[in-house]
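Asks: Below is the file entry.pdb, with PDB, C-alpha atoms.
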```pdb
ATOM      1  CA  MET H   1      11.215   6.975  -4.280
ATOM      2  CA  ASP H   2      11.649  10.054  -6.476
ATOM      3  CA  ALA H   3       8.138   9.487  -7.843
ATOM      4  CA  LEU H   4       6.820  10.203  -4.333
ATOM      5  CA  LEU H   5       8.328  13.690  -4.019
ATOM      6  CA  PRO H   6       5.617  15.681  -5.836
ATOM      7  CA  LEU H   7       2.739  13.692  -4.325
ATOM      8  CA  ARG H   8       0.621  14.967  -1.447
ATOM      9  CA  TRP H   9       0.423  13.284   1.933
ATOM     10  CA  ARG H  10      -2.780  11.503   2.992
ATOM     11  CA  SER H  11      -3.598  10.957   6.644
ATOM     12  CA  ILE H  12      -5.024   8.058   8.665
ATOM     13  CA  GLU H  13      -5.828   8.066  12.391
ATOM     14  CA  LYS H  14      -4.964   5.030  14.530
ATOM     15  CA  ASP H  15      -5.072   4.967  18.343
ATOM     16  CA  ASN H  16      -4.979   8.779  18.588
ATOM     17  CA  VAL H  17      -1.921   8.953  16.319
ATOM     18  CA  THR H  18      -2.039  10.529  12.876
ATOM     19  CA  TYR H  19      -0.060   8.716  10.196
ATOM     20  CA  TYR H  20       0.748  10.341   6.869
ATOM     21  CA  ILE H  21       1.098   8.240   3.750
ATOM     22  CA  LYS H  22       2.527   8.795   0.285
ATOM     23  CA  HIS H  23       2.316   6.092  -2.348
ATOM     24  CA  HIS H  24       3.083   5.482  -5.981
ATOM     25  CA  PHE H  25       1.875   2.453  -7.926
ATOM     26  CA  GLY H  26       3.141   1.750 -11.420
ATOM     27  CA  ASP H  27       2.310  -1.120 -13.784
ATOM     28  CA  SER H  28       4.811  -3.471 -12.119
ATOM     29  CA  GLN H  29       6.146  -1.731  -9.002
ATOM     30  CA  TYR H  30       5.126   0.345  -6.012
ATOM     31  CA  SER H  31       6.597   2.636  -3.346
ATOM     32  CA  ILE H  32       4.977   3.548  -0.023
ATOM     33  CA  VAL H  33       6.163   5.902   2.740
ATOM     34  CA  VAL H  34       4.408   6.238   6.119
ATOM     35  CA  THR H  35       5.317   8.641   8.915
ATOM     36  CA  ASP H  36       3.910   9.700  12.269
ATOM     37  CA  LEU H  37       6.269  12.718  12.144
ATOM     38  CA  ARG H  38       8.608  10.979  14.592
ATOM     39  CA  ARG H  39       9.400   7.809  12.651
ATOM     40  CA  VAL H  40       9.359   6.902   8.972
ATOM     41  CA  TRP H  41       8.585   3.531   7.391
ATOM     42  CA  SER H  42       9.043   2.843   3.703
ATOM     43  CA  THR H  43       8.777  -0.005   1.294
ATOM     44  CA  LYS H  44       9.118  -0.512  -2.411
ATOM     45  CA  ALA H  45       8.750  -3.550  -4.571
ATOM     46  CA  TYR H  46       9.449  -4.353  -8.178
ATOM     47  CA  LYS H  47       7.870  -6.976 -10.411
ATOM     48  CA  ASP H  48       9.534 -10.061  -8.882
ATOM     49  CA  ASP H  49       8.942  -8.776  -5.340
ATOM     50  CA  VAL H  50       5.268  -8.103  -6.078
ATOM     51  CA  SER H  51       4.827 -11.587  -7.569
ATOM     52  CA  GLU H  52       6.463 -13.183  -4.525
ATOM     53  CA  LEU H  53       4.351 -11.180  -2.090
ATOM     54  CA  ALA H  54       1.162 -11.965  -4.035
ATOM     55  CA  ALA H  55       2.062 -15.667  -4.023
ATOM     56  CA  SER H  56       2.339 -15.567  -0.222
ATOM     57  CA  TYR H  57      -1.397 -14.680  -0.272
ATOM     58  CA  SER H  58      -2.129 -17.453  -2.825
ATOM     59  CA  ILE H  59      -2.474 -14.944  -5.651
ATOM     60  CA  VAL H  60      -0.775 -16.116  -8.823
ATOM     61  CA  LEU H  61       0.237 -13.414 -11.279
ATOM     62  CA  GLU H  62       0.890 -15.072 -14.623
ATOM     63  CA  THR H  63       0.695 -12.072 -16.928
ATOM     64  CA  ASP H  64       1.691  -8.414 -16.943
ATOM     65  CA  ALA H  65      -2.015  -7.551 -17.216
ATOM     66  CA  GLN H  66      -2.719  -9.384 -13.938
ATOM     67  CA  MET H  67       0.168  -7.541 -12.273
ATOM     68  CA  LYS H  68      -1.144  -4.195 -13.533
ATOM     69  CA  SER H  69      -4.675  -5.051 -12.371
ATOM     70  CA  LEU H  70      -3.548  -5.990  -8.853
ATOM     71  CA  LEU H  71      -1.410  -2.874  -8.443
ATOM     72  CA  GLY H  72      -4.241  -0.743  -9.841
ATOM     73  CA  ARG H  73      -6.606  -2.106  -7.189
ATOM     74  CA  LEU H  74      -4.092  -1.508  -4.424
ATOM     75  CA  LYS H  75      -3.623   2.055  -5.641
ATOM     76  CA  LEU H  76      -7.374   2.647  -5.291
ATOM     77  CA  PHE H  77      -7.267   1.573  -1.648
ATOM     78  CA  PHE H  78      -4.516   3.999  -0.791
ATOM     79  CA  GLN H  79      -6.326   6.831  -2.578
ATOM     80  CA  ASN H  80      -9.200   6.522  -0.107
ATOM     81  CA  PRO H  81      -7.904   6.411   3.487
ATOM     82  CA  ALA H  82     -11.362   5.318   4.697
ATOM     83  CA  GLN H  83     -10.650   1.935   3.088
ATOM     84  CA  CYS H  84      -7.245   1.576   4.694
ATOM     85  CA  GLU H  85      -6.498   0.773   8.323
ATOM     86  CA  LEU H  86      -3.025   0.750   9.811
ATOM     87  CA  GLY H  87      -1.824  -1.861  12.246
ATOM     88  CA  THR H  88       1.289  -1.324  14.320
ATOM     89  CA  SER H  89       3.537  -3.662  16.262
ATOM     90  CA  ARG H  90       7.162  -3.435  17.362
ATOM     91  CA  ASN H  91       7.976  -0.353  15.329
ATOM     92  CA  LYS H  92       6.439  -1.838  12.184
ATOM     93  CA  VAL H  93       3.409  -0.549  10.354
ATOM     94  CA  LYS H  94       1.248  -2.701   8.134
ATOM     95  CA  SER H  95      -1.721  -1.636   6.103
ATOM     96  CA  VAL H  96      -4.924  -3.590   6.083
ATOM     97  CA  LEU H  97      -7.031  -2.876   3.028
ATOM     98  CA  TYR H  98     -10.750  -3.423   2.818
ATOM     99  CA  HIS H  99     -12.781  -3.446  -0.350
ATOM    100  CA  LYS H 100     -15.654  -5.567  -1.584
ATOM    101  CA  TYR H 101     -13.775  -6.283  -4.824
ATOM    102  CA  MET H 102     -10.494  -7.306  -3.236
ATOM    103  CA  TYR H 103     -10.995 -11.037  -3.631
ATOM    104  CA  THR H 104     -12.815 -11.190  -6.941
ATOM    105  CA  LYS H 105     -11.138 -12.334 -10.127
ATOM    106  CA  SER H 106     -10.938 -10.046 -13.114
TER     107      SER H 106
END
```
Take the structure in this file and express it as structure tokens.
Replies:
Amino acid sequence: MDALLPLRWRSIEKDNVTYYIKHHFGDSQYSIVVTDLRRVWSTKAYKDDVSELAASYSIVLETDAQMKSLLGRLKLFFQNPAQCELGTSRNKVKSVLYHKYMYTKS
């Protein structure tokens, strides 16, 4: 999470609540922190975690280049809050990402 410290917060509105997000995406890992200034949610995943999560969406990552490509696309979504919508339930936050290139193969 140290990679997140120097990064600026981005904001997203959901149901009259402002959420602030910091994220860092590397070639084979990511870290995300979300807060509404009352609660904080965080997640991080390394190569094996990312592969497992991708597989749960029927995305097979066979090479490091595919891993890097997927994480690069996800990074783009988080850089533009207009493409990211937050969903909340039972004290959990999930991000829903929209982009016309999300489901195309590279």
Asks: Here's the selection I'm unsure about, the PyMOL selection byres ((chain H and resi 39-55) around 10); applied to the file above, which residues does it give, as a compact mmCIF listing (two decimals) with C-alpha atoms, in the coordinates of the input?
Replies:
```txt
# COMPACT_ATOMS: atom_id res chain seq x y z
CA MET H 1 11.22 6.98 -4.28
CA TYR H 19 -0.06 8.72 10.20
CA TYR H 20 0.75 10.34 6.87
CA ILE H 21 1.10 8.24 3.75
CA LYS H 22 2.53 8.80 0.28
CA HIS H 23 2.32 6.09 -2.35
CA HIS H 24 3.08 5.48 -5.98
CA PHE H 25 1.88 2.45 -7.93
CA GLY H 26 3.14 1.75 -11.42
CA ASP H 27 2.31 -1.12 -13.78
CA SER H 28 4.81 -3.47 -12.12
CA GLN H 29 6.15 -1.73 -9.00
CA TYR H 30 5.13 0.34 -6.01
CA SER H 31 6.60 2.64 -3.35
CA ILE H 32 4.98 3.55 -0.02
CA VAL H 33 6.16 5.90 2.74
CA VAL H 34 4.41 6.24 6.12
CA THR H 35 5.32 8.64 8.91
CA ASP H 36 3.91 9.70 12.27
CA LEU H 37 6.27 12.72 12.14
CA ARG H 38 8.61 10.98 14.59
CA SER H 56 2.34 -15.57 -0.22
CA TYR H 57 -1.40 -14.68 -0.27
CA SER H 58 -2.13 -17.45 -2.82
CA ILE H 59 -2.47 -14.94 -5.65
CA VAL H 60 -0.78 -16.12 -8.82
CA LEU H 61 0.24 -13.41 -11.28
CA GLU H 62 0.89 -15.07 -14.62
CA ASP H 64 1.69 -8.41 -16.94
CA MET H 67 0.17 -7.54 -12.27
CA LYS H 68 -1.14 -4.20 -13.53
CA LEU H 70 -3.55 -5.99 -8.85
CA LEU H 71 -1.41 -2.87 -8.44
CA ASN H 91 7.98 -0.35 15.33
CA LYS H 92 6.44 -1.84 12.18
CA VAL H 93 3.41 -0.55 10.35
CA LYS H 94 1.25 -2.70 8.13
```
Asks: For the atom pair atom CA of Trp9 of chain H and atom CA of Ala65 of chain H, what is the interatomic distance in Å to one decimal place?
Replies: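 Straight-line distance from atom CA of Trp9 of chain H to atom CA of Ala65 of chain H works out to 28.4 Å.
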Asks: Report, in Å with one decimal, the straight-line distance from atom CA of Leu7 of chain H to atom CA of Lys75 of chain H.
Replies: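 Answer for the atom CA of Leu7 of chain H to atom CA of Lys75 of chain H separation: 13.3 Å.
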